[in-house]
Amino acid sequence: MNTASEEYERRLQSFTGRDLHALTPGQDPVNQPMIRHWTEAMGDTSPVYTDESAARATGRAGVVAPASMVQAWTMRGYAASVAPPSARSGFDELVDLLDEGGYTSVVATDSELEFTRELVPGDHIAVQEAVESVSAEKRTGLGAGRFVTTLKTYRDQDGRVVAVQRWRTLRFRPAAPEAAGRPPALRPRPAVNRDNAFWFEAAKGHRLVIQRCASCGTLRHPPGPCCPRCGSFAWDTVAASGRGRVYTFTVNHRPRHPAFSYPLVVAVVELAEGTRLVTNLTGVAPEDVFIDMPVVLDWLDADPDLSLPVFRPAATEAS
C-alpha cells in the first residue's frame, strides 16, 4: 500500500512532460521601436539592431533583434498581470501541489538558452512551456526543496522553433534560522536618514510623532526636509493620539521572510490627525479587516534596536 509520501511523489512526478502553458502567441510582432528601447536600456550599441546598412554589411538582410530579447516578445504585459485569466493553468496546479508539500518559496537558479535563428521585424513569436523534470527533495542552504526544470519552446509564425529555454527554479520549504545554524532572523532594517531619524528614535521610546511645519502648521508623513505647502524648512513634531482607521490594506502571503508571521496584513492607516502611514495590523484575522475599521496604536519591539508602530482593532482596546 502506498504511503502518503509515495502518493505525493507520484502526483508530483506525473507533471513531467506535461504542458504548463499551451502555445501562446505574443501580443505584438517583433518591431524596431521595442528593439531600440531594449538596446538603449541594456547599453548594447551594436549597429546590427538599429541600422539597416550596418546590418546588411554583415551579410544580414536587415536589422535583427538581440537574441536575448526572445522572452520579451511573449511577455503577457501589465494588463494581463493585474487581470489574469480565470481559467487555471497547469502551472497553477503545479504550484498548488508544491505548496501542499510545504515548498512555498521560490528562487531562480539558472537559465540556458539555445537560439536557432535570429529574429527580424515582422516575426510573430509564440511560446509553449512544459515540465522537463522535478527532482527528488534536496537539502539546500535555503531549506529542503525541489528543483523544477521547465522547457520553453519559442516558435515563429510558421511554427518553426527559433529558440529553446531551459528554466530551472528551486521550490523550497524555508528553514527556520535556528535550524539552519543561523541566528534568529531580524526584521529588515528601515532606510534611516537625516530626514527621518527623529521618527525612528521616537519610536524606540514608544512615541508616535508627526512632523509639523513650524511656519504654517501643516502635518506631514513620511518625514521630509521641507513643507510641501509653504516650502519652509522649519519644523517640529506633535504627538499622535494613536487613533485611526484603515484607509486600505493587503494581505501578504509570499515571498516569506522568517522575521514575519503569516498571513501578514499590511495596511495604510489614516491617523485621527489626518496623516497616513504604512504599518501592520495585529490581533485580527485577515478576513475580519475592512476599510474604515477603527484601529488603535500598539507597538512591536522587533529587536533591541527596532520598535515600530502597529495597529489593532479599536474594539480590543479595553481587553
# chains A, B, ... in the order shown; residues from 1 in each chain; ligands from 1
call {"tool": "residues_around", "arguments": {"residues": "segment 18-31 of chain A", "least_positions_apart": "6", "cutoff": "9 Å", "atoms": "only C-alpha atoms", "output": "mmCIF file with all heavy atoms, in the first residue's frame"}}
result
data_model
loop_
_atom_site.group_PDB
_atom_site.id
_atom_site.type_symbol
_atom_site.label_atom_id
_atom_site.label_comp_id
_atom_site.auth_asym_id
_atom_site.auth_seq_id
_atom_site.Cartn_x
_atom_site.Cartn_y
_atom_site.Cartn_z
ATOM 1 N N ALA A 65 16.809 41.382 -34.156
ATOM 2 C CA ALA A 65 16.562 41.609 -32.737
ATOM 3 C C ALA A 65 17.653 40.924 -31.916
ATOM 4 O O ALA A 65 18.129 39.850 -32.298
ATOM 5 C CB ALA A 65 15.199 41.059 -32.342
ATOM 6 N N ALA A 72 11.102 38.598 -24.239
ATOM 7 C CA ALA A 72 10.334 39.846 -24.178
ATOM 8 C C ALA A 72 9.160 39.833 -25.145
ATOM 9 O O ALA A 72 8.114 40.430 -24.863
ATOM 10 C CB ALA A 72 11.243 41.032 -24.475
ATOM 11 N N TRP A 73 9.296 39.155 -26.282
ATOM 12 C CA TRP A 73 8.233 39.171 -27.281
ATOM 13 C C TRP A 73 6.995 38.409 -26.838
ATOM 14 O O TRP A 73 5.926 38.562 -27.440
ATOM 15 C CB TRP A 73 8.742 38.604 -28.605
ATOM 16 C CG TRP A 73 9.953 39.325 -29.115
ATOM 17 C CD1 TRP A 73 11.209 38.813 -29.283
ATOM 18 C CD2 TRP A 73 10.044 40.705 -29.511
ATOM 19 N NE1 TRP A 73 12.077 39.779 -29.745
ATOM 20 C CE2 TRP A 73 11.376 40.961 -29.892
ATOM 21 C CE3 TRP A 73 9.113 41.753 -29.566
ATOM 22 C CZ2 TRP A 73 11.808 42.206 -30.328
ATOM 23 C CZ3 TRP A 73 9.538 42.995 -29.992
ATOM 24 C CH2 TRP A 73 10.871 43.222 -30.377
ATOM 25 N N THR A 74 7.122 37.570 -25.825
ATOM 26 C CA THR A 74 5.973 36.760 -25.400
ATOM 27 C C THR A 74 5.489 37.114 -24.000
ATOM 28 O O THR A 74 4.587 36.467 -23.477
ATOM 29 C CB THR A 74 6.338 35.259 -25.428
ATOM 30 O OG1 THR A 74 7.458 35.025 -24.558
ATOM 31 C CG2 THR A 74 6.685 34.822 -26.838
ATOM 32 N N MET A 75 6.083 38.132 -23.372
ATOM 33 C CA MET A 75 5.612 38.520 -22.042
ATOM 34 C C MET A 75 4.175 39.018 -22.130
ATOM 35 O O MET A 75 3.804 39.719 -23.069
ATOM 36 C CB MET A 75 6.525 39.583 -21.448
ATOM 37 C CG MET A 75 7.872 39.033 -21.016
ATOM 38 S SD MET A 75 8.926 40.301 -20.272
ATOM 39 C CE MET A 75 10.277 39.272 -19.683
ATOM 40 N N ARG A 76 3.386 38.680 -21.116
ATOM 41 C CA ARG A 76 1.939 38.913 -21.221
ATOM 42 C C ARG A 76 1.540 40.358 -20.995
ATOM 43 O O ARG A 76 0.418 40.746 -21.316
ATOM 44 C CB ARG A 76 1.195 38.027 -20.222
ATOM 45 C CG ARG A 76 1.553 38.271 -18.761
ATOM 46 C CD ARG A 76 0.852 37.282 -17.872
ATOM 47 N NE ARG A 76 1.088 37.540 -16.461
ATOM 48 C CZ ARG A 76 0.518 36.848 -15.483
ATOM 49 N NH1 ARG A 76 -0.306 35.865 -15.783
ATOM 50 N NH2 ARG A 76 0.764 37.126 -14.219
ATOM 51 N N GLY A 77 2.386 41.193 -20.424
ATOM 52 C CA GLY A 77 2.070 42.599 -20.260
ATOM 53 C C GLY A 77 1.367 42.912 -18.964
ATOM 54 O O GLY A 77 0.896 42.024 -18.234
ATOM 55 N N SER A 89 -4.280 27.182 -15.100
ATOM 56 C CA SER A 89 -3.319 26.539 -15.994
ATOM 57 C C SER A 89 -2.629 25.390 -15.277
ATOM 58 O O SER A 89 -2.757 25.214 -14.056
ATOM 59 C CB SER A 89 -2.272 27.562 -16.444
ATOM 60 O OG SER A 89 -1.484 27.983 -15.330
ATOM 61 N N GLY A 90 -1.860 24.629 -16.054
ATOM 62 C CA GLY A 90 -1.059 23.575 -15.453
ATOM 63 C C GLY A 90 -0.054 24.140 -14.467
ATOM 64 O O GLY A 90 0.270 23.502 -13.454
ATOM 65 N N PHE A 91 0.439 25.343 -14.737
ATOM 66 C CA PHE A 91 1.370 25.991 -13.820
ATOM 67 C C PHE A 91 0.710 26.240 -12.470
ATOM 68 O O PHE A 91 1.307 25.986 -11.420
ATOM 69 C CB PHE A 91 1.855 27.311 -14.422
ATOM 70 C CG PHE A 91 2.762 28.092 -13.513
ATOM 71 C CD1 PHE A 91 4.112 27.767 -13.403
ATOM 72 C CD2 PHE A 91 2.270 29.141 -12.756
ATOM 73 C CE1 PHE A 91 4.946 28.479 -12.555
ATOM 74 C CE2 PHE A 91 3.093 29.856 -11.902
ATOM 75 C CZ PHE A 91 4.441 29.522 -11.812
ATOM 76 N N ASP A 92 -0.535 26.721 -12.477
ATOM 77 C CA ASP A 92 -1.255 26.952 -11.222
ATOM 78 C C ASP A 92 -1.392 25.647 -10.435
ATOM 79 O O ASP A 92 -1.230 25.624 -9.216
ATOM 80 C CB ASP A 92 -2.647 27.519 -11.507
ATOM 81 C CG ASP A 92 -2.595 28.881 -12.181
ATOM 82 O OD1 ASP A 92 -1.705 29.681 -11.835
ATOM 83 O OD2 ASP A 92 -3.439 29.134 -13.064
ATOM 84 N N GLU A 93 -1.701 24.572 -11.122
ATOM 85 C CA GLU A 93 -1.887 23.286 -10.453
ATOM 86 C C GLU A 93 -0.575 22.785 -9.860
ATOM 87 O O GLU A 93 -0.551 22.231 -8.756
ATOM 88 C CB GLU A 93 -2.450 22.269 -11.432
ATOM 89 C CG GLU A 93 -3.858 22.610 -11.924
ATOM 90 C CD GLU A 93 -4.353 21.630 -12.973
ATOM 91 O OE1 GLU A 93 -3.787 20.518 -13.060
ATOM 92 O OE2 GLU A 93 -5.292 21.977 -13.712
ATOM 93 N N LEU A 94 0.537 22.977 -10.578
ATOM 94 C CA LEU A 94 1.832 22.544 -10.066
ATOM 95 C C LEU A 94 2.215 23.348 -8.828
ATOM 96 O O LEU A 94 2.691 22.781 -7.827
ATOM 97 C CB LEU A 94 2.907 22.692 -11.148
ATOM 98 C CG LEU A 94 4.345 22.347 -10.724
ATOM 99 C CD1 LEU A 94 4.437 20.903 -10.217
ATOM 100 C CD2 LEU A 94 5.318 22.564 -11.875
ATOM 101 N N LEU A 119 15.868 36.716 -34.889
ATOM 102 C CA LEU A 119 14.533 37.235 -35.170
ATOM 103 C C LEU A 119 14.648 38.565 -35.888
ATOM 104 O O LEU A 119 15.579 39.345 -35.655
ATOM 105 C CB LEU A 119 13.752 37.411 -33.865
ATOM 106 C CG LEU A 119 13.597 36.148 -33.007
ATOM 107 C CD1 LEU A 119 12.745 36.447 -31.780
ATOM 108 C CD2 LEU A 119 12.996 35.013 -33.817
ATOM 109 N N VAL A 120 13.676 38.822 -36.762
ATOM 110 C CA VAL A 120 13.667 40.061 -37.551
ATOM 111 C C VAL A 120 12.307 40.728 -37.392
ATOM 112 O O VAL A 120 11.301 40.067 -37.053
ATOM 113 C CB VAL A 120 13.957 39.782 -39.038
ATOM 114 C CG1 VAL A 120 15.329 39.157 -39.206
ATOM 115 C CG2 VAL A 120 12.877 38.886 -39.647
ATOM 116 N N PRO A 121 12.241 42.043 -37.602
ATOM 117 C CA PRO A 121 10.950 42.729 -37.528
ATOM 118 C C PRO A 121 9.907 42.036 -38.403
ATOM 119 O O PRO A 121 10.172 41.660 -39.548
ATOM 120 C CB PRO A 121 11.281 44.140 -38.028
ATOM 121 C CG PRO A 121 12.716 44.329 -37.621
ATOM 122 C CD PRO A 121 13.348 42.982 -37.850
ATOM 123 N N GLY A 122 8.736 41.851 -37.824
ATOM 124 C CA GLY A 122 7.655 41.156 -38.535
ATOM 125 C C GLY A 122 7.433 39.746 -38.036
ATOM 126 O O GLY A 122 6.335 39.198 -38.203
ATOM 127 N N ASP A 123 8.454 39.126 -37.455
ATOM 128 C CA ASP A 123 8.254 37.806 -36.859
ATOM 129 C C ASP A 123 7.224 37.909 -35.736
ATOM 130 O O ASP A 123 7.205 38.881 -34.976
ATOM 131 C CB ASP A 123 9.567 37.272 -36.276
ATOM 132 C CG ASP A 123 10.470 36.642 -37.325
ATOM 133 O OD1 ASP A 123 9.944 36.169 -38.346
ATOM 134 O OD2 ASP A 123 11.699 36.637 -37.119
ATOM 135 N N HIS A 124 6.381 36.892 -35.625
ATOM 136 C CA HIS A 124 5.412 36.846 -34.531
ATOM 137 C C HIS A 124 5.694 35.587 -33.722
ATOM 138 O O HIS A 124 5.511 34.478 -34.209
ATOM 139 C CB HIS A 124 3.975 36.843 -35.053
ATOM 140 C CG HIS A 124 3.002 37.415 -34.078
ATOM 141 N ND1 HIS A 124 1.898 38.128 -34.447
ATOM 142 C CD2 HIS A 124 2.988 37.404 -32.716
ATOM 143 C CE1 HIS A 124 1.234 38.526 -33.376
ATOM 144 N NE2 HIS A 124 1.872 38.088 -32.320
ATOM 145 N N ILE A 125 6.148 35.777 -32.480
ATOM 146 C CA ILE A 125 6.667 34.671 -31.675
ATOM 147 C C ILE A 125 5.612 34.165 -30.694
ATOM 148 O O ILE A 125 4.868 34.943 -30.097
ATOM 149 C CB ILE A 125 7.931 35.126 -30.910
ATOM 150 C CG1 ILE A 125 8.949 35.718 -31.884
ATOM 151 C CG2 ILE A 125 8.542 33.955 -30.150
ATOM 152 C CD1 ILE A 125 9.312 34.810 -33.041
ATOM 153 N N ALA A 126 5.565 32.859 -30.556
ATOM 154 C CA ALA A 126 4.701 32.208 -29.568
ATOM 155 C C ALA A 126 5.580 31.312 -28.690
ATOM 156 O O ALA A 126 6.658 30.884 -29.104
ATOM 157 C CB ALA A 126 3.620 31.380 -30.258
ATOM 158 N N VAL A 127 5.111 31.032 -27.466
ATOM 159 C CA VAL A 127 5.899 30.213 -26.545
ATOM 160 C C VAL A 127 5.017 29.153 -25.904
ATOM 161 O O VAL A 127 3.830 29.377 -25.642
ATOM 162 C CB VAL A 127 6.566 31.089 -25.453
ATOM 163 C CG1 VAL A 127 5.526 31.756 -24.561
ATOM 164 C CG2 VAL A 127 7.551 30.266 -24.613
ATOM 165 N N GLN A 128 5.614 28.015 -25.689
ATOM 166 C CA GLN A 128 4.961 26.891 -25.022
ATOM 167 C C GLN A 128 5.896 26.420 -23.916
ATOM 168 O O GLN A 128 7.115 26.356 -24.114
ATOM 169 C CB GLN A 128 4.713 25.770 -26.022
ATOM 170 C CG GLN A 128 4.087 24.504 -25.469
ATOM 171 C CD GLN A 128 3.906 23.468 -26.565
ATOM 172 O OE1 GLN A 128 4.454 23.610 -27.670
ATOM 173 N NE2 GLN A 128 3.144 22.431 -26.293
ATOM 174 N N GLU A 129 5.362 26.087 -22.737
ATOM 175 C CA GLU A 129 6.207 25.674 -21.614
ATOM 176 C C GLU A 129 5.736 24.328 -21.063
ATOM 177 O O GLU A 129 4.542 24.137 -20.816
ATOM 178 C CB GLU A 129 6.197 26.715 -20.496
ATOM 179 C CG GLU A 129 7.145 26.387 -19.347
ATOM 180 C CD GLU A 129 7.208 27.490 -18.297
ATOM 181 O OE1 GLU A 129 6.268 28.314 -18.249
ATOM 182 O OE2 GLU A 129 8.185 27.527 -17.527
ATOM 183 N N ALA A 130 6.678 23.416 -20.894
ATOM 184 C CA ALA A 130 6.370 22.094 -20.360
ATOM 185 C C ALA A 130 7.373 21.738 -19.274
ATOM 186 O O ALA A 130 8.488 22.264 -19.235
ATOM 187 C CB ALA A 130 6.405 21.044 -21.476
ATOM 188 N N VAL A 131 6.981 20.842 -18.380
ATOM 189 C CA VAL A 131 7.862 20.384 -17.308
ATOM 190 C C VAL A 131 8.828 19.353 -17.851
ATOM 191 O O VAL A 131 8.418 18.350 -18.447
ATOM 192 C CB VAL A 131 7.052 19.785 -16.140
ATOM 193 C CG1 VAL A 131 7.991 19.250 -15.061
ATOM 194 C CG2 VAL A 131 6.116 20.833 -15.551
ATOM 195 N N GLU A 132 10.111 19.593 -17.664
ATOM 196 C CA GLU A 132 11.112 18.616 -18.064
ATOM 197 C C GLU A 132 11.402 17.647 -16.926
ATOM 198 O O GLU A 132 11.511 16.437 -17.144
ATOM 199 C CB GLU A 132 12.397 19.315 -18.500
ATOM 200 C CG GLU A 132 13.434 18.341 -19.051
ATOM 201 C CD GLU A 132 14.659 19.063 -19.581
ATOM 202 O OE1 GLU A 132 15.391 19.662 -18.777
ATOM 203 O OE2 GLU A 132 14.874 19.018 -20.812
ATOM 204 N N THR A 150 11.801 23.477 -16.351
ATOM 205 C CA THR A 150 10.809 23.548 -17.427
ATOM 206 C C THR A 150 11.506 23.899 -18.729
ATOM 207 O O THR A 150 12.607 24.455 -18.733
ATOM 208 C CB THR A 150 9.710 24.585 -17.129
ATOM 209 O OG1 THR A 150 10.282 25.895 -17.109
ATOM 210 C CG2 THR A 150 9.050 24.297 -15.793
ATOM 211 N N THR A 153 9.625 26.535 -25.335
ATOM 212 C CA THR A 153 9.913 26.435 -26.769
ATOM 213 C C THR A 153 9.296 27.634 -27.475
ATOM 214 O O THR A 153 8.081 27.857 -27.399
ATOM 215 C CB THR A 153 9.340 25.141 -27.349
ATOM 216 O OG1 THR A 153 9.866 24.024 -26.626
ATOM 217 C CG2 THR A 153 9.710 25.006 -28.821
ATOM 218 N N TYR A 154 10.144 28.403 -28.157
ATOM 219 C CA TYR A 154 9.695 29.602 -28.869
ATOM 220 C C TYR A 154 9.582 29.273 -30.358
ATOM 221 O O TYR A 154 10.515 28.733 -30.951
ATOM 222 C CB TYR A 154 10.684 30.743 -28.661
ATOM 223 C CG TYR A 154 10.808 31.166 -27.205
ATOM 224 C CD1 TYR A 154 11.731 30.553 -26.355
ATOM 225 C CD2 TYR A 154 10.005 32.183 -26.682
ATOM 226 C CE1 TYR A 154 11.843 30.936 -25.028
ATOM 227 C CE2 TYR A 154 10.117 32.577 -25.361
ATOM 228 C CZ TYR A 154 11.032 31.946 -24.536
ATOM 229 O OH TYR A 154 11.150 32.323 -23.214
ATOM 230 N N ARG A 155 8.430 29.603 -30.948
ATOM 231 C CA ARG A 155 8.182 29.310 -32.361
ATOM 232 C C ARG A 155 7.782 30.583 -33.099
ATOM 233 O O ARG A 155 7.201 31.501 -32.511
ATOM 234 C CB ARG A 155 7.073 28.261 -32.503
ATOM 235 C CG ARG A 155 7.418 26.913 -31.875
ATOM 236 C CD ARG A 155 6.279 25.903 -32.040
ATOM 237 N NE ARG A 155 6.587 24.640 -31.388
ATOM 238 C CZ ARG A 155 7.270 23.660 -31.959
ATOM 239 N NH1 ARG A 155 7.685 23.790 -33.225
ATOM 240 N NH2 ARG A 155 7.516 22.546 -31.300
ATOM 241 N N ASP A 156 8.078 30.610 -34.389
ATOM 242 C CA ASP A 156 7.679 31.761 -35.193
ATOM 243 C C ASP A 156 6.285 31.559 -35.769
ATOM 244 O O ASP A 156 5.605 30.556 -35.470
ATOM 245 C CB ASP A 156 8.710 32.058 -36.280
ATOM 246 C CG ASP A 156 8.835 30.936 -37.304
ATOM 247 O OD1 ASP A 156 7.949 30.052 -37.358
ATOM 248 O OD2 ASP A 156 9.838 30.929 -38.062
ATOM 249 N N GLN A 157 5.856 32.474 -36.618
ATOM 250 C CA GLN A 157 4.509 32.446 -37.185
ATOM 251 C C GLN A 157 4.271 31.234 -38.077
ATOM 252 O O GLN A 157 3.117 30.876 -38.346
ATOM 253 C CB GLN A 157 4.245 33.738 -37.973
ATOM 254 C CG GLN A 157 5.201 33.991 -39.124
ATOM 255 C CD GLN A 157 6.507 34.657 -38.703
ATOM 256 O OE1 GLN A 157 6.773 34.830 -37.512
ATOM 257 N NE2 GLN A 157 7.314 35.017 -39.683
#
call {"tool": "select_by_dssp", "arguments": {"residues": "segment 48-292 of chain A", "states": "alpha helix (DSSP H)", "output": "ChimeraX atom specification"}}
result
/A:52-57,78-82,90-100,197-204
call {"tool": "closest_atom_pairs", "arguments": {"of": "segment 285-309 of chain A", "to": "segment 229-242 of chain A", "cutoff": "12 Å", "atoms": "only C-alpha atoms", "output": "Markdown table"}}
result
| residue | atom | partner | partner_atom | distance |
| --- | --- | --- | --- | --- |
| A:Pro294 | CA | A:Gly242 | CA | 10.9 |
| A:Val295 | CA | A:Gly242 | CA | 8.4 |
| A:Val296 | CA | A:Gly242 | CA | 5.6 |
| A:Leu297 | CA | A:Gly242 | CA | 4.7 |
| A:Asp298 | CA | A:Gly242 | CA | 8.1 |
| A:Trp299 | CA | A:Gly242 | CA | 10.6 |
| A:Pro309 | CA | A:Gly242 | CA | 9.3 |
call {"tool": "atom_distance", "arguments": {"atom1": "atom CA of Leu98 of chain A", "atom2": "atom CA of Phe260 of chain A"}}
result
21.5 Å
call {"tool": "residues_around", "arguments": {"residues": "segment 181-197 of chain A", "least_positions_apart": "2", "cutoff": "12 Å", "atoms": "only C-alpha atoms", "output": "PyMOL selection string"}}
result
chain A and resi 141-143+175-179+199-204+209-211+220-226+233+235+237+256-261+300-308
call {"tool": "atom_distance", "arguments": {"atom1": "atom CA of Tyr262 of chain A", "atom2": "atom CA of Gly101 of chain A"}}
result
17.3 Å
